[in-house]
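Listing of protein-v7.cif; format and content: mmCIF, C-alpha atoms.
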data_final
loop_
_atom_site.label_atom_id
_atom_site.label_comp_id
_atom_site.auth_asym_id
_atom_site.auth_seq_id
_atom_site.Cartn_x
_atom_site.Cartn_y
_atom_site.Cartn_z
CA MET W 1 -33.38 3.83 27.51
CA ASP W 2 -34.81 0.79 29.22
CA ASP W 3 -32.41 -1.29 31.32
CA ASN W 4 -33.03 -4.36 29.17
CA ILE W 5 -31.36 -2.70 26.17
CA VAL W 6 -27.67 -3.50 25.76
CA LEU W 7 -25.49 -1.47 23.43
CA GLU W 8 -22.41 -3.24 22.10
CA ARG W 9 -19.73 -1.36 20.18
CA THR W 10 -17.45 -3.21 17.78
CA PHE W 11 -14.40 -1.46 16.34
CA VAL W 12 -12.66 -2.75 13.23
CA ASP W 13 -10.49 -1.12 10.58
CA GLU W 14 -13.29 0.44 8.52
CA THR W 15 -10.96 0.87 5.55
CA LYS W 16 -11.13 -2.92 5.11
CA PRO W 17 -14.63 -3.85 3.88
CA ASP W 18 -14.12 -7.56 4.58
CA LEU W 19 -13.66 -6.84 8.30
CA VAL W 20 -16.74 -4.62 8.42
CA ALA W 21 -18.80 -7.24 6.55
CA ALA W 22 -17.63 -9.98 8.93
CA ALA W 23 -18.53 -7.84 11.95
CA ILE W 24 -22.03 -7.31 10.56
CA ARG W 25 -22.55 -11.02 9.91
CA ASN W 26 -21.12 -12.09 13.28
CA SER W 27 -23.14 -9.67 15.38
CA ARG W 28 -25.39 -11.32 17.96
CA CYS W 29 -27.49 -8.17 18.28
CA ASN W 30 -31.12 -7.66 17.32
CA ALA W 31 -30.27 -4.55 15.31
CA ILE W 32 -27.09 -3.06 13.88
CA ILE W 33 -25.79 0.48 13.32
CA VAL W 34 -23.07 0.53 10.67
CA TYR W 35 -20.38 2.96 9.56
CA GLY W 36 -18.60 1.76 6.44
CA GLN W 37 -17.88 2.12 2.76
CA GLU W 38 -20.36 1.52 -0.02
CA HIS W 39 -18.65 -1.74 -0.96
CA GLU W 40 -20.22 -4.90 -2.35
CA MET W 41 -19.06 -6.96 0.65
CA ILE W 42 -20.77 -4.58 3.07
CA ILE W 43 -23.88 -4.34 0.89
CA GLU W 44 -24.17 -8.15 0.81
CA ALA W 45 -23.65 -8.45 4.58
CA ILE W 46 -26.37 -5.88 5.28
CA ALA W 47 -28.71 -7.70 2.89
CA GLU W 48 -28.05 -11.02 4.67
CA VAL W 49 -28.80 -9.77 8.18
CA THR W 50 -31.88 -7.78 7.13
CA SER W 51 -33.25 -10.89 5.40
CA ILE W 52 -33.38 -12.63 8.79
CA GLY W 53 -35.10 -9.71 10.49
CA LYS W 54 -32.24 -7.57 11.83
CA PRO W 55 -32.80 -3.91 10.94
CA VAL W 56 -29.70 -1.96 9.95
CA ILE W 57 -29.11 1.77 10.22
CA THR W 58 -26.21 3.39 8.41
CA LEU W 59 -24.50 6.17 10.33
CA VAL W 60 -22.26 9.04 9.13
CA SER W 61 -21.97 7.65 5.59
CA ASP W 62 -24.94 6.10 3.80
CA VAL W 63 -25.10 2.81 1.89
CA PRO W 64 -28.40 3.36 0.05
CA THR W 65 -27.75 0.47 -2.34
CA ALA W 66 -28.22 -1.89 0.63
CA PRO W 67 -31.64 -2.64 2.19
CA ARG W 68 -30.94 -0.60 5.35
CA LEU W 69 -33.79 0.62 7.52
CA ASN W 70 -32.57 4.21 7.47
CA TYR W 71 -29.59 6.51 7.13
CA VAL W 72 -28.94 8.88 10.02
CA GLY W 73 -26.62 11.78 9.33
CA ILE W 74 -26.12 15.11 7.63
CA ASN W 75 -26.62 16.03 4.01
CA HIS W 76 -23.01 15.73 2.87
CA TYR W 77 -23.66 17.23 -0.56
CA ASN W 78 -24.98 20.41 1.06
CA ALA W 79 -22.06 20.42 3.49
CA GLY W 80 -19.69 20.39 0.50
CA ARG W 81 -21.60 23.30 -1.04
CA ALA W 82 -21.32 25.19 2.25
CA ALA W 83 -17.54 24.67 2.20
CA ALA W 84 -17.43 26.07 -1.33
CA PHE W 85 -19.49 29.07 -0.25
CA PHE W 86 -17.07 29.96 2.54
CA LEU W 87 -13.96 29.45 0.42
CA SER W 88 -15.41 31.58 -2.39
CA LYS W 89 -16.10 34.42 0.06
CA MET W 90 -12.74 34.20 1.88
CA THR W 91 -10.27 33.87 -1.00
CA ASN W 92 -9.17 35.79 -4.03
CA GLU W 93 -8.77 34.12 -7.39
CA GLY W 94 -6.46 31.13 -7.43
CA ARG W 95 -6.01 27.41 -7.19
CA VAL W 96 -7.90 25.11 -4.80
CA VAL W 97 -6.76 21.67 -3.63
CA LEU W 98 -9.26 19.07 -2.42
CA LEU W 99 -8.55 16.17 -0.06
CA CYS W 100 -10.69 13.27 1.11
CA GLY W 101 -10.24 9.97 2.89
CA SER W 102 -11.74 7.71 0.24
CA LEU W 103 -14.37 8.16 -2.45
CA HIS W 104 -15.64 4.69 -1.50
CA TYR W 105 -17.33 6.46 1.43
CA ARG W 106 -20.47 8.02 0.02
CA ALA W 107 -20.09 10.83 2.57
CA HIS W 108 -16.73 11.88 1.12
CA ALA W 109 -17.88 11.49 -2.49
CA GLU W 110 -20.97 13.62 -1.84
CA ARG W 111 -18.94 16.33 -0.09
CA ILE W 112 -16.57 16.54 -3.05
CA SER W 113 -19.49 16.63 -5.50
CA GLY W 114 -21.22 19.37 -3.53
CA PHE W 115 -18.02 21.38 -3.32
CA ARG W 116 -17.40 21.16 -7.07
CA ASP W 117 -20.94 22.30 -7.83
CA GLY W 118 -20.73 25.03 -5.21
CA ILE W 119 -17.50 26.44 -6.62
CA ALA W 120 -19.08 26.51 -10.07
CA ASP W 121 -22.07 28.44 -8.70
CA TYR W 122 -20.37 30.74 -6.18
CA SER W 123 -17.05 31.62 -7.79
CA GLY W 124 -15.66 32.08 -11.24
CA ARG W 125 -12.28 33.00 -9.76
CA LEU W 126 -11.27 29.68 -8.20
CA ALA W 127 -9.95 26.66 -10.08
CA ILE W 128 -9.80 23.17 -8.59
CA VAL W 129 -6.40 21.75 -9.52
CA ASP W 130 -5.98 18.60 -7.42
CA LEU W 131 -8.03 15.93 -5.65
CA ILE W 132 -5.93 13.98 -3.14
CA GLU W 133 -7.48 10.71 -1.96
CA ALA W 134 -5.61 9.71 1.21
CA ARG W 135 -6.99 6.13 1.55
CA GLY W 136 -5.73 5.98 5.13
CA ASP W 137 -2.14 6.88 4.24
CA ASP W 138 -1.41 10.15 6.07
CA ALA W 139 2.21 10.30 4.91
CA ALA W 140 1.20 10.01 1.26
CA ALA W 141 -1.52 12.64 1.67
CA GLU W 142 0.96 15.01 3.31
CA TYR W 143 3.51 14.44 0.53
CA MET W 144 0.96 15.03 -2.25
CA LEU W 145 -0.34 18.19 -0.58
CA CYS W 146 3.21 19.51 -0.09
CA LYS W 147 3.84 18.87 -3.79
CA ALA W 148 0.67 20.72 -4.78
CA LEU W 149 1.60 23.67 -2.56
CA THR W 150 5.01 23.99 -4.20
CA GLU W 151 3.71 23.82 -7.76
CA GLY W 152 2.02 27.20 -7.59
CA GLU W 153 0.02 29.61 -5.49
CA VAL W 154 -2.81 27.80 -3.65
CA ALA W 155 -5.63 30.06 -2.49
CA GLY W 156 -7.68 27.45 -0.66
CA ILE W 157 -7.75 23.88 0.64
CA TYR W 158 -10.91 21.88 1.22
CA ASN W 159 -10.39 18.83 3.42
CA ALA W 160 -13.43 16.62 2.97
CA GLY W 161 -12.16 13.82 5.23
CA ALA W 162 -8.40 13.32 5.21
CA SER W 163 -6.23 13.67 8.32
CA ASP W 164 -6.18 17.19 9.77
CA ALA W 165 -2.70 16.52 11.16
CA ALA W 166 -1.35 15.66 7.71
CA VAL W 167 -2.81 18.85 6.26
CA GLU W 168 -1.41 20.94 9.12
CA ARG W 169 2.08 19.49 8.66
CA ALA W 170 1.99 20.21 4.93
CA ILE W 171 0.92 23.81 5.48
CA SER W 172 3.64 24.30 8.11
CA THR W 173 6.33 23.57 5.49
CA MET W 174 5.31 26.56 3.39
CA ASN W 175 7.81 29.43 3.28
CA ARG W 176 5.41 32.15 2.23
CA GLN W 177 3.56 34.33 4.70
CA LEU W 178 0.03 34.04 3.32
CA ALA W 179 -1.23 30.51 3.93
CA PRO W 180 -4.20 29.10 1.99
CA VAL W 181 -7.68 29.30 3.49
CA LEU W 182 -8.47 25.88 4.95
CA VAL W 183 -12.02 24.56 5.37
CA GLY W 184 -12.54 21.12 6.90
CA HIS W 185 -14.93 18.81 8.70
CA ASP W 186 -15.57 17.57 12.24
CA LEU W 187 -14.74 19.53 15.38
CA THR W 188 -12.06 17.22 16.78
CA GLU W 189 -9.45 18.38 19.29
CA ASN W 190 -7.00 18.85 16.39
CA ALA W 191 -9.51 20.89 14.40
CA ALA W 192 -10.40 23.07 17.40
CA ARG W 193 -6.72 23.83 18.01
CA MET W 194 -6.20 24.60 14.31
CA LEU W 195 -9.12 27.04 14.44
CA GLN W 196 -7.68 28.73 17.51
CA ASN W 197 -4.24 28.99 15.90
CA GLY W 198 -5.62 30.39 12.64
CA VAL W 199 -4.50 27.41 10.54
CA MET W 200 -8.10 26.49 9.74
CA ALA W 201 -10.79 29.04 8.90
CA VAL W 202 -14.02 27.01 9.11
CA VAL W 203 -15.02 23.59 10.42
CA ILE W 204 -18.28 21.94 9.36
CA ASP W 205 -19.29 19.58 12.16
CA GLN W 206 -21.74 16.72 11.65
CA ASN W 207 -22.95 16.47 15.27
CA PRO W 208 -21.99 12.82 15.90
CA ASP W 209 -23.62 12.64 19.34
CA LEU W 210 -26.97 13.61 17.86
CA GLN W 211 -26.51 11.03 15.10
CA ALA W 212 -26.02 8.28 17.68
CA GLN W 213 -29.03 9.40 19.72
CA LYS W 214 -31.30 9.56 16.69
CA ALA W 215 -30.20 6.13 15.46
CA LEU W 216 -30.97 4.55 18.83
CA ARG W 217 -34.35 6.26 19.09
CA ILE W 218 -35.33 5.08 15.59
CA LEU W 219 -34.45 1.51 16.53
CA ALA W 220 -36.33 1.82 19.83
CA ALA W 221 -39.43 2.83 17.87
CA ARG W 222 -38.83 0.01 15.38
CA PHE W 223 -39.07 -2.54 18.23
CA GLY W 224 -41.99 -0.84 19.96
CA ILE W 225 -39.86 0.18 22.96
CA SER W 226 -40.54 3.89 22.51
CA ASN W 227 -43.91 5.58 22.07
CA GLU W 228 -42.39 8.91 21.10
CA ALA W 229 -43.22 10.64 17.82
CA GLN W 230 -41.37 9.33 14.78
CA GLU W 231 -37.75 10.46 14.87
CA SER W 232 -36.37 12.31 11.87
CA PRO W 233 -33.12 10.79 10.54
CA ILE W 234 -31.94 14.21 9.32
CA VAL W 235 -29.09 15.75 11.34
CA PRO W 236 -28.15 19.42 10.84
CA PHE W 237 -24.50 20.27 10.36
CA THR W 238 -22.97 23.09 12.40
CA ILE W 239 -20.54 25.77 11.27
CA HIS W 240 -17.63 26.55 13.62
CA VAL W 241 -15.08 29.35 13.42
CA LYS W 242 -12.49 30.52 15.92
CA ASP W 243 -15.01 32.66 17.81
CA ASN W 244 -17.67 30.05 18.59
CA ILE W 245 -15.73 27.06 19.90
#
Take the structure I supplied and represent it as structure tokens, if you would.
Amino acid sequence: MDDNIVLERTFVDETKPDLVAAAIRNSRCNAIIVYGQEHEMIIEAIAEVTSIGKPVITLVSDVPTAPRLNYVGINHYNAGRAAAFFLSKMTNEGRVVLLCGSLHYRAHAERISGFRDGIADYSGRLAIVDLIEARGDDAAAEYMLCKALTEGEVAGIYNAGASDAAVERAISTMNRQLAPVLVGHDLTENAARMLQNGVMAVVIDQNPDLQAQKALRILAARFGISNEAQESPIVPFTIHVKDNI
């Protein structure tokens, strides 16, 4: 991009909506790209800055109830359905445990919704028995998953956004030979290692680099800096298994 464009990155604890809202309000930038929960504090902050002419793009997880310019990211509902498709094809009948970071993130809520609908469509043999909402507490998520694994045979685990490390630790405590089929999100270093080691079967990656590029190009067009064709905000998700990482 042009040399007169400055990109500033501000990191706060995104599990605390008041900090995200304050960061939005205090930004000196001409435009803002936001990752955060769909919380009234964040919605109000986005509304305030857009009312004075600062366009806002939501990234990774949408906040459609706020007057944002656009959402750039994957279709999380379809990603959840894809996870259900793979689990239904890779498991026999049995129990399935779901995990997510927080349902206050629309991304996580839509993944869970898509997975539930997908299981209903793709498999009559699998029963969802638990939904564990980690809310940033890895130890609690690990404990609850360990408890679910000891209460009966678990055929599959769908991790829609909780810590991969917490899930891996819980699975490692199992005494039986046949571990549940694990499907998760985002090709992090942990996830790649878990694929290689056979702990995880499938990773659905949301292509974060492409999300960032698209968001910046949309804003460049918004300010007349770019003369390129209108950028689509839709980002495809990518399926990874052990053999293609």
At a cut-off of 10 Å from (1.7, 18.0, -0.7) in the coordinates of the file, what residues are picked up using all atoms listed in the file, written as a list of chain:residue names?
W:Val97, W:Ile132, W:Ala139, W:Ala140, W:Ala141, W:Glu142, W:Tyr143, W:Met144, W:Leu145, W:Cys146, W:Lys147, W:Ala148, W:Leu149, W:Thr150, W:Glu151, W:Ala166, W:Val167, W:Arg169, W:Ala170, W:Ile171, W:Thr173
Selection in question (the file shown): the PyMOL selection byres ((chain W and resi 112) around 9). Which residues does it include, as a PDB file with C-alpha atoms, keeping the file's coordinate frame?
ATOM      1  CA  HIS W  76     -23.010  15.730   2.870  1.00  0.00           C
ATOM      2  CA  TYR W  77     -23.660  17.230  -0.560  1.00  0.00           C
ATOM      3  CA  GLY W  80     -19.690  20.390   0.500  1.00  0.00           C
ATOM      4  CA  ARG W  81     -21.600  23.300  -1.040  1.00  0.00           C
ATOM      5  CA  LEU W  98      -9.260  19.070  -2.420  1.00  0.00           C
ATOM      6  CA  LEU W  99      -8.550  16.170  -0.060  1.00  0.00           C
ATOM      7  CA  CYS W 100     -10.690  13.270   1.110  1.00  0.00           C
ATOM      8  CA  LEU W 103     -14.370   8.160  -2.450  1.00  0.00           C
ATOM      9  CA  ALA W 107     -20.090  10.830   2.570  1.00  0.00           C
ATOM     10  CA  HIS W 108     -16.730  11.880   1.120  1.00  0.00           C
ATOM     11  CA  ALA W 109     -17.880  11.490  -2.490  1.00  0.00           C
ATOM     12  CA  GLU W 110     -20.970  13.620  -1.840  1.00  0.00           C
ATOM     13  CA  ARG W 111     -18.940  16.330  -0.090  1.00  0.00           C
ATOM     14  CA  SER W 113     -19.490  16.630  -5.500  1.00  0.00           C
ATOM     15  CA  GLY W 114     -21.220  19.370  -3.530  1.00  0.00           C
ATOM     16  CA  PHE W 115     -18.020  21.380  -3.320  1.00  0.00           C
ATOM     17  CA  ARG W 116     -17.400  21.160  -7.070  1.00  0.00           C
ATOM     18  CA  ASP W 117     -20.940  22.300  -7.830  1.00  0.00           C
ATOM     19  CA  LEU W 131      -8.030  15.930  -5.650  1.00  0.00           C
ATOM     20  CA  TYR W 158     -10.910  21.880   1.220  1.00  0.00           C
ATOM     21  CA  ALA W 160     -13.430  16.620   2.970  1.00  0.00           C
TER      22      ALA W 160
END
Ranking W:Asp2, W:Glu44, W:Asp130, W:Asp121 by minimum distance to Val154 of chain W and counting only C-alpha atoms, which one comes first?
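Of the candidates, the smallest distance to Val154 of chain W is held by W:Asp130.
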Selected residue of minimal separation from Gln213 of chain W among W:Val129, W:Ile119, W:Ala45, W:Ile234, counting all atoms listed in the file
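With all atoms listed in the file as the atom set, the closest residue is W:Ile234.
Near Gly94 of chain W, within 9 Å and counting only C-alpha atoms, sit W:Thr91, W:Asn92, W:Val96, W:Arg125, W:Leu126, W:Ala127, W:Ile128, W:Glu153, W:Val154, W:Ala155, W:Gly156, not including residues fewer than 2 positions from it in the same chain.
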Those same residues, written as a PDB file, keeping the file's coordinate frame with C-alpha atoms?
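selection.pdb was written with the following content:
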ATOM      1  CA  THR W  91     -10.270  33.870  -1.000  1.00  0.00           C
ATOM      2  CA  ASN W  92      -9.170  35.790  -4.030  1.00  0.00           C
ATOM      3  CA  VAL W  96      -7.900  25.110  -4.800  1.00  0.00           C
ATOM      4  CA  ARG W 125     -12.280  33.000  -9.760  1.00  0.00           C
ATOM      5  CA  LEU W 126     -11.270  29.680  -8.200  1.00  0.00           C
ATOM      6  CA  ALA W 127      -9.950  26.660 -10.080  1.00  0.00           C
ATOM      7  CA  ILE W 128      -9.800  23.170  -8.590  1.00  0.00           C
ATOM      8  CA  GLU W 153       0.020  29.610  -5.490  1.00  0.00           C
ATOM      9  CA  VAL W 154      -2.810  27.800  -3.650  1.00  0.00           C
ATOM     10  CA  ALA W 155      -5.630  30.060  -2.490  1.00  0.00           C
ATOM     11  CA  GLY W 156      -7.680  27.450  -0.660  1.00  0.00           C
TER      12      GLY W 156
END
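For the set W:Ser51, W:Ser61, W:Asn70, W:Asn78, the residue with the smallest atom-to-atom gap to Ile204 of chain W is W:Asn78, counting all atoms listed in the file.
For the choices W:Arg95, W:Ala23, W:Pro17, W:Pro236, the atom-to-atom distance to Asn75 of chain W is smallest for W:Pro236 when using only C-alpha atoms.
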Residues selected by the PyMOL selection byres ((chain W and resi 15) around 10), written as a list in words:
Val12, Asp13, Glu14, Lys16, Pro17, Asp18, Leu19, Val20, Gly36, Gln37, Gly101, Ser102, His104, Tyr105, Arg135 and Gly136 of chain W
Calculated over all atoms listed in the file, which of the candidates W:Ala31, W:Ala22, W:Val60, W:Ala165 has the smallest distance to Asp209 of chain W?
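Ranked by minimum distance to Asp209 of chain W, first place goes to W:Val60.
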Can you write segment 137-218 of chain W from the block above with C-alpha atoms, as a short mmCIF file (atom, residue, chain, number, x, y, z; two decimals), in the first residue's frame?
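Below you can see out33.cif, which holds the result:
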data_model
loop_
_atom_site.label_atom_id
_atom_site.label_comp_id
_atom_site.auth_asym_id
_atom_site.auth_seq_id
_atom_site.Cartn_x
_atom_site.Cartn_y
_atom_site.Cartn_z
CA ASP W 137 -10.45 -20.71 31.45
CA ASP W 138 -8.34 -23.53 29.98
CA ALA W 139 -8.12 -25.44 33.26
CA ALA W 140 -11.91 -25.49 33.63
CA ALA W 141 -12.38 -26.57 30.01
CA GLU W 142 -9.86 -29.38 30.49
CA TYR W 143 -11.57 -30.53 33.69
CA MET W 144 -15.05 -30.53 32.12
CA LEU W 145 -13.82 -32.42 29.06
CA CYS W 146 -12.04 -35.00 31.25
CA LYS W 147 -15.30 -35.46 33.17
CA ALA W 148 -17.28 -35.94 29.95
CA LEU W 149 -14.74 -38.49 28.69
CA THR W 150 -15.05 -40.55 31.86
CA GLU W 151 -18.84 -40.57 31.91
CA GLY W 152 -19.13 -42.80 28.86
CA GLU W 153 -17.78 -43.65 25.45
CA VAL W 154 -17.15 -40.47 23.40
CA ALA W 155 -16.98 -41.03 19.65
CA GLY W 156 -16.11 -37.49 18.63
CA ILE W 157 -15.08 -34.05 19.86
CA TYR W 158 -15.75 -30.81 18.00
CA ASN W 159 -13.64 -27.91 19.22
CA ALA W 160 -15.24 -24.75 17.86
CA GLY W 161 -12.80 -22.36 19.56
CA ALA W 162 -11.50 -23.53 22.93
CA SER W 163 -7.81 -24.13 23.64
CA ASP W 164 -6.29 -26.95 21.61
CA ALA W 165 -3.78 -27.56 24.41
CA ALA W 166 -6.55 -28.08 26.96
CA VAL W 167 -8.29 -30.57 24.67
CA GLU W 168 -5.03 -32.42 24.01
CA ARG W 169 -4.28 -32.72 27.73
CA ALA W 170 -7.76 -34.08 28.42
CA ILE W 171 -7.48 -36.69 25.67
CA SER W 172 -4.03 -37.74 26.93
CA THR W 173 -5.54 -38.78 30.29
CA MET W 174 -7.74 -41.40 28.65
CA ASN W 175 -6.83 -45.02 29.42
CA ARG W 176 -8.55 -46.62 26.45
CA GLN W 177 -6.80 -47.24 23.17
CA LEU W 178 -9.37 -45.77 20.77
CA ALA W 179 -9.41 -41.99 21.20
CA PRO W 180 -12.33 -39.89 19.96
CA VAL W 181 -12.16 -38.28 16.54
CA LEU W 182 -11.23 -34.63 17.05
CA VAL W 183 -12.16 -31.87 14.59
CA GLY W 184 -11.06 -28.30 15.32
CA HIS W 185 -10.34 -24.88 13.88
CA ASP W 186 -7.31 -22.79 12.89
CA LEU W 187 -4.00 -24.24 11.73
CA THR W 188 -1.84 -23.06 14.63
CA GLU W 189 1.49 -24.68 15.51
CA ASN W 190 -0.33 -26.73 18.18
CA ALA W 191 -2.99 -27.86 15.73
CA ALA W 192 -0.41 -28.80 13.07
CA ARG W 193 1.50 -30.91 15.60
CA MET W 194 -1.74 -32.56 16.77
CA LEU W 195 -2.55 -33.45 13.16
CA GLN W 196 0.90 -34.93 12.64
CA ASN W 197 0.63 -36.94 15.86
CA GLY W 198 -2.84 -38.26 15.02
CA VAL W 199 -4.52 -36.53 17.98
CA MET W 200 -6.59 -34.35 15.65
CA ALA W 201 -8.23 -35.62 12.46
CA VAL W 202 -9.28 -32.42 10.68
CA VAL W 203 -8.55 -28.71 11.06
CA ILE W 204 -10.77 -26.08 9.44
CA ASP W 205 -8.62 -23.00 8.87
CA GLN W 206 -10.10 -19.54 8.33
CA ASN W 207 -7.16 -18.07 6.37
CA PRO W 208 -6.39 -15.13 8.69
CA ASP W 209 -3.77 -13.58 6.40
CA LEU W 210 -6.30 -13.31 3.60
CA GLN W 211 -8.82 -11.79 6.01
CA ALA W 212 -6.36 -9.05 6.94
CA GLN W 213 -5.48 -8.35 3.31
CA LYS W 214 -9.11 -8.14 2.24
CA ALA W 215 -10.01 -5.83 5.13
CA LEU W 216 -7.21 -3.42 4.23
CA ARG W 217 -8.10 -3.44 0.54
CA ILE W 218 -11.77 -2.70 1.32
#
